[in-house]
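One structure is given below, encoded as C-alpha cells.
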Amino acid sequence: MTPKPVLEDGFSIYFFSNENNEPPHVHVAKGSGRAKWWLTPTPKEKFAYGFKAGERRRIKQLIAKHHAYLIKAWNAHFGTNW
C-alpha cells in the first residue's frame, strides 16, 4: 500500500518516510500553516503554527475522521503494527 496524503478542505495530511523512529504521527499543511499530530495512543497536537483557532479545530476533526486510514497507512509503509 502506497500511502496517499489526505487532502480535504485545503488541508494536506501526510507523513515523511524517514520518520519511522518516532511513534505514528502526521504533518498537516495549508497555506503557510504547519502542524504535527501524534496518532497514538490517541490523536494529540504536538505543535501548530500559522493556523487560526477554527482551522486547528478543523484539523482535529479531520485527524479523527481519517484516523483509522492514517494508522493503517503508517503500519503498511513502515511495517509496524500500532
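Naming scheme: A, B, ... for chains in displayed order of the C-alpha cells; residues 1 onward per chain; ligands 1 onward as shown.
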Find the residues near segment 75-80 of chain A: any atom within 12 Å, counting only C-alpha atoms, skip ones fewer than 6 places away on the same chain, and give them as a PyMOL selection string. chain A and resi 1-4+15-25+39+68-69
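Near Asp9 of chain A, within 12 Å and counting only C-alpha atoms, sit A:Val28, A:Ala29, A:Lys30, A:Gly31, A:Glu55, A:Arg58, A:Ile59, A:Gln61, A:Leu62; same-chain residues fewer than 5 positions away were not included.
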Generate a file of the selected residues that holds N, CA and C atoms, formatted as a PDB file, in the first residue's frame.
```
ATOM      1  N   VAL A  28       0.520  18.332   8.946  1.00  0.00           N
ATOM      2  CA  VAL A  28      -0.608  18.974   8.296  1.00  0.00           C
ATOM      3  C   VAL A  28      -0.127  20.305   7.736  1.00  0.00           C
ATOM      4  N   ALA A  29      -0.547  20.579   6.513  1.00  0.00           N
ATOM      5  CA  ALA A  29      -0.168  21.847   5.879  1.00  0.00           C
ATOM      6  C   ALA A  29      -1.372  22.444   5.162  1.00  0.00           C
ATOM      7  N   LYS A  30      -1.432  23.750   5.208  1.00  0.00           N
ATOM      8  CA  LYS A  30      -2.397  24.524   4.423  1.00  0.00           C
ATOM      9  C   LYS A  30      -1.848  25.935   4.367  1.00  0.00           C
ATOM     10  N   GLY A  31      -1.603  26.437   3.174  1.00  0.00           N
ATOM     11  CA  GLY A  31      -1.003  27.760   3.044  1.00  0.00           C
ATOM     12  C   GLY A  31       0.325  27.792   3.774  1.00  0.00           C
ATOM     13  N   GLU A  55      -9.275  26.756  12.264  1.00  0.00           N
ATOM     14  CA  GLU A  55      -8.538  25.803  11.426  1.00  0.00           C
ATOM     15  C   GLU A  55      -7.957  24.676  12.272  1.00  0.00           C
ATOM     16  N   ARG A  58     -10.678  22.324  12.944  1.00  0.00           N
ATOM     17  CA  ARG A  58     -10.974  21.526  11.738  1.00  0.00           C
ATOM     18  C   ARG A  58      -9.919  20.444  11.554  1.00  0.00           C
ATOM     19  N   ILE A  59      -8.659  20.738  11.812  1.00  0.00           N
ATOM     20  CA  ILE A  59      -7.603  19.723  11.723  1.00  0.00           C
ATOM     21  C   ILE A  59      -7.917  18.581  12.682  1.00  0.00           C
ATOM     22  N   GLN A  61     -10.784  17.581  13.726  1.00  0.00           N
ATOM     23  CA  GLN A  61     -11.882  16.810  13.143  1.00  0.00           C
ATOM     24  C   GLN A  61     -11.385  15.907  12.015  1.00  0.00           C
ATOM     25  N   LEU A  62     -10.519  16.433  11.162  1.00  0.00           N
ATOM     26  CA  LEU A  62     -10.008  15.650  10.038  1.00  0.00           C
ATOM     27  C   LEU A  62      -9.138  14.492  10.505  1.00  0.00           C
TER      28      LEU A  62
END
```
>> Need the shell around Tyr14 of chain A: protein/DNA/RNA residues with any atom at most 7 Å away, counting only C-alpha atoms. Skip same-chain ones fewer than 3 positions apart. Format as a ChimeraX atom specification?
In response: /A:5-6,26-28
Could those residues be written to a file, using N, CA and C atoms, as a PDB file, in the first residue's frame?
```pdb
ATOM      1  N   PRO A   5      -1.487  11.132   0.699  1.00  0.00           N
ATOM      2  CA  PRO A   5      -1.878  12.167   1.660  1.00  0.00           C
ATOM      3  C   PRO A   5      -3.393  12.347   1.643  1.00  0.00           C
ATOM      4  N   VAL A   6      -3.926  12.704   2.778  1.00  0.00           N
ATOM      5  CA  VAL A   6      -5.331  13.060   2.861  1.00  0.00           C
ATOM      6  C   VAL A   6      -5.423  14.528   2.462  1.00  0.00           C
ATOM      7  N   VAL A  26       1.430  12.507  11.987  1.00  0.00           N
ATOM      8  CA  VAL A  26       1.241  13.121  10.680  1.00  0.00           C
ATOM      9  C   VAL A  26       1.596  14.594  10.755  1.00  0.00           C
ATOM     10  N   HIS A  27       1.851  15.126   9.598  1.00  0.00           N
ATOM     11  CA  HIS A  27       2.069  16.553   9.427  1.00  0.00           C
ATOM     12  C   HIS A  27       0.869  17.098   8.669  1.00  0.00           C
ATOM     13  N   VAL A  28       0.520  18.332   8.946  1.00  0.00           N
ATOM     14  CA  VAL A  28      -0.608  18.974   8.296  1.00  0.00           C
ATOM     15  C   VAL A  28      -0.127  20.305   7.736  1.00  0.00           C
TER      16      VAL A  28
END
```
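With only C-alpha atoms as the atoms that count, the residue of A:Lys60, A:Lys52, A:Lys72, A:His66 with the shortest distance to Gly33 of chain A is A:Lys52.
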Judged by only C-alpha atoms, the minimum distance to Trp37 of chain A among A:Asn81, A:Ala73, A:Ala64, A:Glu8 is found for A:Ala64
